[in-house]
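What's in data16.csv: CSV, C-alpha atoms and all ligand atoms
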```
chain,number,residue,atom,x,y,z
A,21,MET,CA,72.4,118.6,118.0
A,22,GLU,CA,68.7,117.9,117.7
A,23,TYR,CA,67.3,115.1,119.8
A,24,GLY,CA,65.6,112.1,118.3
A,25,ILE,CA,61.8,111.9,118.6
A,26,SER,CA,61.7,109.5,121.5
A,27,THR,CA,64.0,111.8,123.6
A,28,LYS,CA,61.9,114.8,122.6
A,29,CYS,CA,58.8,113.0,124.1
A,30,LEU,CA,60.6,113.4,127.5
A,31,TYR,CA,62.6,116.6,127.1
A,32,GLY,CA,61.4,118.5,124.1
A,33,ASP,CA,64.2,120.3,122.5
A,34,GLY,CA,66.3,120.1,125.7
A,35,LYS,CA,65.7,123.6,127.0
A,36,GLU,CA,63.4,122.1,129.5
A,37,LEU,CA,65.9,119.7,131.2
A,38,THR,CA,66.0,121.5,134.5
A,39,VAL,CA,62.5,121.9,135.8
A,40,ASP,CA,62.9,124.0,139.0
A,41,GLN,CA,65.4,124.3,141.9
A,42,SER,CA,64.0,121.2,143.6
A,43,GLY,CA,65.3,118.9,140.9
A,44,ALA,CA,61.9,117.3,140.4
A,45,ILE,CA,62.1,114.9,137.5
A,46,SER,CA,58.3,115.0,136.9
A,47,PHE,CA,57.2,118.5,136.0
A,48,PRO,CA,55.2,120.1,138.9
A,49,ILE,CA,51.4,120.8,138.6
A,50,TYR,CA,51.1,124.5,139.1
A,51,GLN,CA,47.6,124.3,140.4
A,52,THR,CA,47.1,128.1,140.7
A,53,ALA,CA,44.7,130.5,139.1
A,54,THR,CA,46.9,133.6,139.6
A,55,PHE,CA,50.5,134.7,140.2
A,56,ALA,CA,51.9,137.4,142.5
A,57,HIS,CA,54.0,140.3,141.4
A,58,LYS,CA,56.9,141.8,143.4
A,59,GLY,CA,56.0,145.3,142.2
A,60,VAL,CA,54.8,147.2,139.2
A,61,GLY,CA,56.6,145.8,136.1
A,62,GLU,CA,58.2,143.1,138.2
A,63,GLY,CA,56.2,140.1,137.3
A,64,THR,CA,57.4,136.5,137.0
A,65,GLY,CA,56.2,136.2,133.4
A,66,TYR,CA,53.0,134.7,134.6
A,67,ASP,CA,49.8,136.7,135.5
A,68,TYR,CA,46.8,134.5,135.4
A,69,SER,CA,46.3,130.8,134.3
A,70,ARG,CA,43.8,131.6,131.6
A,71,LEU,CA,46.7,133.3,129.8
A,72,GLN,CA,49.5,131.0,130.7
A,73,ASN,CA,50.5,128.5,133.4
A,74,PRO,CA,53.9,126.9,133.8
A,75,THR,CA,52.6,123.3,133.5
A,76,ARG,CA,50.7,124.1,130.3
A,77,GLU,CA,53.7,126.0,129.0
A,78,HIS,CA,56.0,123.1,129.5
A,79,LEU,CA,53.5,120.8,127.7
A,80,GLU,CA,53.2,123.3,124.8
A,81,ASN,CA,57.0,123.4,124.5
A,82,ILE,CA,57.2,119.6,124.3
A,83,VAL,CA,54.5,119.5,121.6
A,84,ALA,CA,56.0,122.3,119.6
A,85,SER,CA,59.3,120.5,119.6
A,86,LEU,CA,57.7,117.2,118.6
A,87,GLU,CA,56.0,118.9,115.6
A,88,GLY,CA,58.9,121.1,114.7
A,89,GLY,CA,56.8,124.2,115.3
A,90,ILE,CA,57.8,127.5,116.8
A,91,ASP,CA,54.8,127.5,119.1
A,92,ALA,CA,52.1,125.2,120.3
A,93,LEU,CA,48.9,126.0,122.3
A,94,ALA,CA,47.1,123.5,124.5
A,95,PHE,CA,43.3,123.7,124.6
A,96,SER,CA,40.7,122.0,126.7
A,97,SER,CA,39.8,119.7,123.8
A,98,GLY,CA,40.5,119.1,120.1
A,99,MET,CA,37.3,120.8,119.2
A,100,ALA,CA,38.2,123.8,121.4
A,101,ALA,CA,41.5,124.0,119.4
A,102,ILE,CA,39.6,123.9,116.1
A,103,THR,CA,37.1,126.5,117.3
A,104,ALA,CA,39.9,128.8,118.3
A,105,LEU,CA,41.5,128.2,115.0
A,106,MET,CA,38.3,129.4,113.2
A,107,GLU,CA,38.6,132.7,115.1
A,108,LEU,CA,41.5,133.5,112.7
A,109,PHE,CA,38.9,134.0,110.0
A,110,ALA,CA,36.2,136.7,109.4
A,111,PRO,CA,32.7,136.6,107.9
A,112,GLY,CA,33.0,136.2,104.1
A,113,ASP,CA,36.2,134.2,104.3
A,114,HIS,CA,36.2,131.0,102.3
A,115,ILE,CA,37.7,127.8,103.6
A,116,ILE,CA,38.1,124.6,101.7
A,117,THR,CA,37.9,121.4,103.7
A,118,ASP,CA,38.5,117.8,102.8
A,119,CYS,CA,35.2,115.9,102.5
A,120,ASP,CA,36.1,113.1,104.8
A,121,LEU,CA,36.8,114.5,108.3
A,122,TYR,CA,36.2,113.7,111.9
A,123,GLY,CA,32.4,114.1,112.4
A,124,GLY,CA,32.9,116.8,115.1
A,125,SER,CA,34.8,119.0,112.7
A,126,ILE,CA,32.1,118.7,110.1
A,127,ARG,CA,29.5,119.6,112.8
A,128,LEU,CA,31.5,122.6,113.8
A,129,PHE,CA,32.0,123.9,110.2
A,130,ASP,CA,28.3,123.2,109.3
A,131,ASN,CA,26.7,124.6,112.4
A,132,ILE,CA,29.0,127.2,113.9
A,133,SER,CA,31.4,128.4,111.3
A,134,LYS,CA,28.7,128.8,108.6
A,135,LYS,CA,26.5,130.7,111.1
A,136,ASN,CA,29.5,133.0,111.7
A,137,GLY,CA,29.7,133.8,108.0
A,138,ILE,CA,32.5,131.6,107.0
A,139,VAL,CA,31.9,130.0,103.6
A,140,ILE,CA,32.9,126.3,103.6
A,141,ASP,CA,33.4,124.1,100.5
A,142,SER,CA,34.4,120.5,100.9
A,143,VAL,CA,36.1,118.4,98.3
A,144,ASP,CA,38.1,115.2,98.2
A,145,CYS,CA,41.7,116.4,98.7
A,146,SER,CA,43.2,112.9,98.6
A,147,GLY,CA,44.8,111.1,95.8
A,148,SER,CA,45.5,113.3,92.7
A,149,SER,CA,42.6,115.7,93.3
A,150,TYR,CA,44.7,118.8,93.8
A,151,GLU,CA,43.3,120.4,90.7
A,152,LYS,CA,39.8,120.2,92.2
A,153,VAL,CA,41.2,122.1,95.3
A,154,GLU,CA,42.9,124.7,93.1
A,155,GLU,CA,39.7,125.2,91.1
A,156,LEU,CA,37.8,126.2,94.2
A,157,ILE,CA,40.3,128.8,95.3
A,158,SER,CA,39.1,132.4,94.9
A,159,GLU,CA,40.0,135.9,96.2
A,160,SER,CA,38.2,135.2,99.5
A,161,THR,CA,39.8,131.7,100.1
A,162,LYS,CA,41.9,131.8,103.3
A,163,ALA,CA,42.7,128.2,104.1
A,164,VAL,CA,42.6,124.5,103.2
A,165,PHE,CA,41.8,122.1,106.1
A,166,VAL,CA,42.6,118.4,105.8
A,167,GLU,CA,43.2,115.3,107.8
A,168,THR,CA,45.6,112.6,106.5
A,169,PRO,CA,44.8,109.8,106.8
A,170,THR,CA,41.1,110.8,107.2
A,171,ASN,CA,38.7,109.7,109.9
A,172,PRO,CA,37.4,107.0,109.3
A,173,MET,CA,38.1,106.2,105.6
A,174,MET,CA,41.9,106.5,105.8
A,175,ASN,CA,42.2,108.6,102.6
A,176,VAL,CA,45.7,110.0,102.2
A,177,THR,CA,46.6,113.5,101.1
A,178,ASP,CA,50.0,114.5,99.8
A,179,ILE,CA,50.8,117.3,102.2
A,180,GLU,CA,53.8,118.5,100.2
A,181,GLU,CA,51.8,118.7,96.9
A,182,LEU,CA,48.9,120.4,98.5
A,183,ALA,CA,51.3,122.9,100.3
A,184,LYS,CA,52.7,123.9,96.9
A,185,ILE,CA,49.2,125.0,95.9
A,186,THR,CA,48.3,126.8,99.1
A,187,LYS,CA,51.7,128.6,99.1
A,188,LYS,CA,51.2,129.6,95.4
A,189,HIS,CA,47.9,131.3,96.4
A,190,GLY,CA,49.1,132.7,99.7
A,191,ILE,CA,46.6,130.8,101.8
A,192,LEU,CA,47.0,128.6,104.9
A,193,LEU,CA,47.3,124.8,104.9
A,194,ILE,CA,45.9,123.3,108.1
A,195,VAL,CA,46.4,119.6,108.8
A,196,ASP,CA,44.7,117.7,111.6
A,197,ASN,CA,47.5,115.3,112.5
A,198,THR,CA,45.6,113.4,115.2
A,199,PHE,CA,45.6,110.0,113.4
A,200,MET,CA,49.4,109.8,112.9
A,201,SER,CA,50.6,111.8,115.9
A,202,PRO,CA,53.9,113.7,115.7
A,203,TYR,CA,55.6,110.3,116.2
A,204,PHE,CA,54.8,109.2,112.7
A,205,GLN,CA,54.2,112.5,110.8
A,206,ASN,CA,55.2,116.2,110.9
A,207,PRO,CA,53.0,118.2,108.5
A,208,LEU,CA,54.8,121.5,109.3
A,209,LYS,CA,58.0,120.0,107.9
A,210,LEU,CA,56.1,119.1,104.7
A,211,GLY,CA,54.9,122.7,104.2
A,212,ALA,CA,51.7,123.0,106.3
A,213,ASP,CA,51.2,126.2,108.3
A,214,LEU,CA,49.2,124.9,111.2
A,215,VAL,CA,48.8,121.5,112.8
A,216,VAL,CA,45.8,120.4,114.8
A,217,HIS,CA,45.7,117.6,117.4
A,218,SER,CA,43.1,116.0,119.5
A,219,GLY,CA,45.5,115.5,122.5
A,220,THR,CA,42.8,113.2,123.8
A,221,LYS,CA,44.0,110.6,121.4
A,222,TYR,CA,47.7,109.4,120.9
A,223,LEU,CA,49.4,112.3,122.8
A,224,GLY,CA,47.4,111.6,126.0
A,225,GLY,CA,47.3,107.9,125.0
A,226,HIS,CA,45.4,106.5,128.0
A,227,ASN,CA,41.7,107.3,127.3
A,228,ASP,CA,41.7,109.4,130.5
A,229,THR,CA,42.0,113.1,129.5
A,230,ILE,CA,40.4,115.5,126.9
A,231,ALA,CA,42.8,117.9,125.3
A,232,GLY,CA,43.7,119.6,122.0
A,233,PHE,CA,46.6,121.4,120.3
A,234,LEU,CA,47.4,123.9,117.6
A,235,VAL,CA,51.0,124.0,116.5
A,236,THR,CA,52.3,126.6,114.0
A,237,SER,CA,55.5,127.5,112.2
A,238,SER,CA,54.5,131.1,111.8
A,239,ALA,CA,55.3,133.7,114.5
A,240,GLU,CA,52.4,135.9,113.2
A,241,ILE,CA,49.9,133.2,113.5
A,242,ALA,CA,51.2,132.2,117.0
A,243,GLU,CA,50.7,135.7,118.2
A,244,ARG,CA,47.2,135.9,116.9
A,245,LEU,CA,46.4,132.5,118.5
A,246,ARG,CA,47.9,133.6,121.9
A,247,PHE,CA,45.5,136.5,121.8
A,248,ILE,CA,42.6,134.2,121.0
A,249,ILE,CA,43.3,131.7,123.7
A,250,LYS,CA,43.6,134.3,126.4
A,251,THR,CA,40.5,136.1,125.2
A,252,VAL,CA,38.2,133.1,124.8
A,253,GLY,CA,39.6,131.2,127.7
A,254,SER,CA,39.8,127.6,126.3
A,255,GLY,CA,43.3,126.8,127.5
A,256,LEU,CA,44.1,123.4,129.1
A,257,ALA,CA,43.9,123.2,132.9
A,258,PRO,CA,47.2,122.5,134.8
A,259,PHE,CA,46.3,119.0,136.0
A,260,ASP,CA,45.1,117.9,132.6
A,261,SER,CA,48.3,119.4,131.1
A,262,TRP,CA,50.3,117.2,133.5
A,263,LEU,CA,48.3,114.1,132.5
A,264,ILE,CA,49.1,114.8,128.8
A,265,LEU,CA,52.8,115.4,129.6
A,266,ARG,CA,52.9,112.0,131.4
A,267,GLY,CA,51.2,110.4,128.4
A,268,ILE,CA,53.6,111.8,125.9
A,269,LYS,CA,56.6,110.3,127.7
A,270,THR,CA,55.6,106.9,126.3
A,271,LEU,CA,54.3,108.1,122.9
A,272,ALA,CA,57.1,106.4,121.0
A,273,ILE,CA,56.9,102.9,122.6
A,274,ARG,CA,53.1,103.0,122.5
A,275,MET,CA,53.0,103.9,118.8
A,276,ASN,CA,55.5,101.2,117.9
A,277,GLN,CA,53.6,98.5,119.8
A,278,ALA,CA,50.2,99.6,118.6
A,279,GLU,CA,51.4,99.8,114.9
A,280,LYS,CA,52.9,96.3,115.1
A,281,ASN,CA,49.6,95.0,116.5
A,282,ALA,CA,47.6,96.9,113.8
A,283,LYS,CA,49.7,95.3,111.0
A,284,ASN,CA,49.0,91.8,112.6
A,285,LEU,CA,45.3,92.5,112.8
A,286,VAL,CA,45.3,93.7,109.2
A,287,ASP,CA,46.9,90.4,108.2
A,288,TRP,CA,44.2,88.5,110.1
A,289,LEU,CA,41.4,90.6,108.5
A,290,LYS,CA,42.8,89.9,105.0
A,291,ASN,CA,42.2,86.2,105.5
A,292,GLU,CA,38.7,86.6,107.0
A,293,LYS,CA,36.0,85.9,104.3
A,294,LYS,CA,33.4,88.0,106.0
A,295,VAL,CA,35.5,91.1,105.6
A,296,ASN,CA,34.8,92.8,102.2
A,297,LYS,CA,37.4,95.6,102.4
A,298,ILE,CA,40.2,96.9,104.6
A,299,TYR,CA,41.2,100.6,104.7
A,300,TYR,CA,44.7,100.7,106.0
A,301,PRO,CA,47.5,102.8,104.3
A,302,GLY,CA,50.1,100.2,105.2
A,303,LEU,CA,48.5,97.8,102.6
A,304,THR,CA,50.4,98.1,99.3
A,305,ASP,CA,47.1,98.2,97.3
A,306,HIS,CA,45.8,101.2,99.4
A,307,PRO,CA,45.6,104.2,97.0
A,308,GLY,CA,47.5,106.3,99.5
A,309,HIS,CA,50.2,103.8,100.3
A,310,GLU,CA,53.1,105.4,98.4
A,311,VAL,CA,52.3,108.9,99.6
A,312,CYS,CA,52.0,107.8,103.2
A,313,LYS,CA,55.3,105.9,102.9
A,314,LYS,CA,56.9,109.1,101.5
A,315,GLN,CA,55.6,111.6,104.1
A,316,ALA,CA,55.2,109.6,107.3
A,317,ARG,CA,57.5,107.3,109.4
A,318,GLY,CA,54.8,104.7,109.8
A,319,PHE,CA,51.2,103.8,108.7
A,320,GLY,CA,49.6,104.3,112.1
A,321,CYS,CA,47.4,102.1,114.3
A,322,MET,CA,43.9,102.9,112.9
A,323,VAL,CA,42.2,100.2,110.8
A,324,THR,CA,38.8,100.6,109.2
A,325,PHE,CA,37.1,97.7,107.5
A,326,GLU,CA,33.8,96.7,105.9
A,327,VAL,CA,32.1,93.5,106.9
A,328,GLU,CA,29.6,91.6,104.7
A,329,SER,CA,26.4,92.7,106.5
A,330,LYS,CA,25.0,95.2,108.9
A,331,GLU,CA,23.9,92.2,111.1
A,332,LEU,CA,27.4,91.0,111.4
A,333,ALA,CA,28.6,94.5,112.3
A,334,HIS,CA,26.0,94.7,115.0
A,335,SER,CA,26.8,91.2,116.4
A,336,ILE,CA,30.5,92.0,116.5
A,337,LEU,CA,29.8,95.2,118.5
A,338,LYS,CA,27.5,93.2,120.8
A,339,ASN,CA,30.0,90.4,121.4
A,340,VAL,CA,33.3,92.1,121.8
A,341,CYS,CA,34.7,91.8,125.4
A,342,LEU,CA,38.5,92.5,125.5
A,343,ILE,CA,38.0,95.0,122.7
A,344,ARG,CA,35.7,97.7,123.9
A,345,PHE,CA,32.8,99.1,121.8
A,346,ALA,CA,33.5,102.9,122.3
A,347,GLU,CA,34.1,106.1,120.6
A,348,SER,CA,37.6,107.7,120.5
A,349,LEU,CA,41.0,106.3,119.6
A,350,GLY,CA,44.7,106.5,120.3
A,351,GLY,CA,44.7,105.0,123.8
A,352,VAL,CA,46.5,101.9,125.0
A,353,GLU,CA,43.2,100.0,125.0
A,354,THR,CA,41.9,98.6,121.7
A,355,LEU,CA,38.6,100.2,120.8
A,356,ILE,CA,36.1,99.4,118.1
A,357,THR,CA,33.9,102.2,116.8
A,358,TYR,CA,30.7,102.3,114.7
A,359,PRO,CA,31.2,105.6,112.8
A,360,ILE,CA,27.6,105.7,111.5
A,361,THR,CA,26.1,105.9,115.0
A,362,GLN,CA,29.0,107.4,116.9
A,363,THR,CA,31.7,109.7,115.6
A,364,HIS,CA,29.8,110.5,112.5
A,365,ALA,CA,26.2,110.4,113.8
A,366,ASP,CA,25.6,114.1,113.0
A,367,VAL,CA,27.0,114.0,109.5
A,368,PRO,CA,24.2,114.3,106.8
A,369,ALA,CA,23.2,111.1,105.2
A,370,ASP,CA,24.3,112.2,101.7
A,371,VAL,CA,27.8,113.1,103.0
A,372,LEU,CA,28.1,109.7,104.7
A,373,ALA,CA,27.0,107.9,101.5
A,374,ALA,CA,29.4,109.9,99.4
A,375,ASN,CA,32.3,109.1,101.7
A,376,GLY,CA,31.4,105.4,101.8
A,377,ILE,CA,30.5,105.3,105.5
A,378,THR,CA,27.9,102.6,105.6
A,379,ASP,CA,26.3,100.5,108.3
A,380,ARG,CA,28.9,97.8,107.5
A,381,ILE,CA,31.9,100.0,108.3
A,382,LEU,CA,33.8,99.4,111.6
A,383,ARG,CA,36.9,101.2,112.9
A,384,LEU,CA,39.5,99.8,115.1
A,385,SER,CA,41.9,101.9,117.2
A,386,VAL,CA,44.5,99.2,117.9
A,387,GLY,CA,46.1,99.3,121.4
A,388,ILE,CA,49.1,97.7,123.0
A,389,GLU,CA,47.6,94.4,124.2
A,390,ASP,CA,49.2,91.0,123.4
A,391,VAL,CA,48.2,90.7,119.8
A,392,GLN,CA,47.3,87.0,120.1
A,393,ASP,CA,44.6,88.1,122.6
A,394,LEU,CA,43.2,90.5,120.1
A,395,ILE,CA,43.2,87.9,117.3
A,396,ASN,CA,41.5,85.4,119.6
A,397,GLU,CA,38.8,88.0,120.2
A,398,LEU,CA,38.3,88.7,116.5
A,399,GLU,CA,38.2,84.9,115.7
A,400,ARG,CA,35.4,84.6,118.3
A,401,VAL,CA,33.3,87.6,117.4
A,402,PHE,CA,33.4,86.9,113.7
A,403,HIS,CA,32.2,83.3,114.2
A,404,GLU,CA,29.9,83.5,117.2
A,501,LIG,C1,38.7,113.3,118.3
A,501,LIG,C2,39.1,114.1,117.1
A,501,LIG,C3,39.0,115.5,117.2
A,501,LIG,C4,38.3,116.2,118.3
A,501,LIG,O1,39.0,116.1,119.5
A,501,LIG,P1,38.4,116.2,121.0
A,501,LIG,O2,39.6,116.1,121.8
A,501,LIG,O3,37.5,114.9,121.0
A,501,LIG,O4,37.6,117.4,121.1
A,501,LIG,C5,39.4,116.2,116.1
A,501,LIG,N1,40.0,115.6,115.0
A,501,LIG,C6,40.2,114.2,115.0
A,501,LIG,C7,40.8,113.6,113.8
A,501,LIG,C8,39.7,113.4,116.0
A,501,LIG,O5,39.9,112.1,116.0
```

Go through the file and emit its structure as structure tokens.
Amino acid sequence: MEYGISTKCLYGDGKELTVDQSGAISFPIYQTATFAHKGVGEGTGYDYSRLQNPTREHLENIVASLEGGIDALAFSSGMAAITALMELFAPGDHIITDCDLYGGSIRLFDNISKKNGIVIDSVDCSGSSYEKVEELISESTKAVFVETPTNPMMNVTDIEELAKITKKHGILLIVDNTFMSPYFQNPLKLGADLVVHSGTKYLGGHNDTIAGFLVTSSAEIAERLRFIIKTVGSGLAPFDSWLILRGIKTLAIRMNQAEKNAKNLVDWLKNEKKVNKIYYPGLTDHPGHEVCKKQARGFGCMVTFEVESKELAHSILKNVCLIRFAESLGGVETLITYPITQTHADVPADVLAANGITDRILRLSVGIEDVQDLINELERVFHE
């Protein structure tokens, strides 16, 4: 019988119950670069840690099981994972991306992928814009790349509907699932071919390690990605693999607590007159609410909102104390981010404007603190 998601956070699909002969409960850190052979053709299955390492492999098995993939690969960062993913494509290939994405992904596509001859078109993939995606598909189109909900505007794409289109045209659907984590959403089960994670965020969960993942349901893609990771050498180090393994053990309870806090903060923000708009898919009037409800087991712990003025945004960022003004998300500590100067600083002004990322937009990654302490902090910084 398949384990539930909280058990999978500890044991994956159960094949990993016995770690080694010592009976160690915590998986050992195999801090080694290379592995000895007994003789020619008598290896242990491990050769060199750039290719594979037992600690990284154990982590990859857990992540594959959480996403329902046949294979997962752990990279030194989320961007390293997306960079490796782009190696699946050749000059002249066309890729359609959602227009609202993590700023680092936009920077990679605009400055590296385009230089390498990949043709990128971006379009709003959320809501009912699937015809717009289909219109862009041509002979050379190889993939559609989306996030849902998007960073930072929380637009929701219907993964199942989009997968129908990509399957019809025989192209890949790639979903960056960082914002939801496998605890709330499993794109492969909805028809996606590849899932991306910044493991730095919810999987690691403690704002202490940079990591990334690619998970796939296709044996052919897995094989190609295994060749890429060993060739370019961007696999996750053993110690960092162990930190992410430890983080994942508490993924379920962290996500539950953070989401509960996020809902409470959204309720507070709704009653605050200096807040113009809240972007949270859990709100019934959010355009992606129904789709999110259908395809995910929760609405997540990320809340974006617009305040009445740039001055207020700046004074909030100046005055927060318990909530830290920092980039990143997905950790136990609540962080507040200013996308326009942080995560999206390198995104061209016209793209920012089109996506609604103004100097009044703030993004909260809600953590696991006592929610009353977070509310007290918001009360203070909004009225100081
Ligand atoms: C942070 C992030 C990334 C990049 O991951 P790193 O681990 O910082 O390299 C990619 N996608 C999303 C949605 C992110 O939030």

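Of the listed residues A:Glu399, A:Asp196, A:Glu326, A:Glu180, the one whose atoms come nearest to ligand LIG 501 (chain A) is A:Asp196, with distances taken using only C-alpha atoms and all ligand atoms.
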
Would you mind reading off the distance between CA of Ser97 in chain A and atom O3 of ligand LIG 501 (chain A), one decimal, in Å?
6.0 Å

Which residues sit within 10 Å of ligand LIG 501 (chain A), counting only C-alpha atoms and all ligand atoms, listed as a ChimeraX atom specification?
/A:95-103,121-126,166-172,195-200,216-222,224,229-233,347-350,363

For Ala282 in chain A, work out the shell of residues within 12 Å, counting all atoms listed in the file and skipping chain neighbours fewer than 4 positions away, then give it as a PyMOL selection string.
chain A and resi 274-278+286-289+298-303+318-324+350+354-355+383-392+394-395

Given the choices A:Thr186, A:Asn396, A:Thr64, A:Gln315, which gets closest to Thr161 in chain A if the distance is worked out from only C-alpha atoms?
A:Thr186

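Closest approach to Ile248 in chain A among A:Ala104, A:Ala44, A:Ile25, A:Ile194: A:Ala104, based on only C-alpha atoms.
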
Could you give me, as a PyMOL selection string, the residues within 9 Å of Gly267 in chain A, counting only C-alpha atoms and dropping anything in the same chain fewer than 4 positions from it?
chain A and resi 222-226+262-263+271

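The shortest atom-to-atom distance to Ile249 in chain A, with all atoms listed in the file taken into account, belongs to A:Glu107 out of A:Glu154, A:Glu107, A:Glu279, A:Asp141.
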
Given the choices A:His334, A:Ile191, A:Leu234, A:Asp228, which gets closest to Asp260 in chain A if the distance is worked out from all atoms listed in the file?
A:Asp228

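Each of A:Val311, A:Leu193, A:Ile377, A:Leu265 was checked against Pro48 in chain A using all atoms listed in the file; the smallest atom-to-atom distance is that of A:Leu265.
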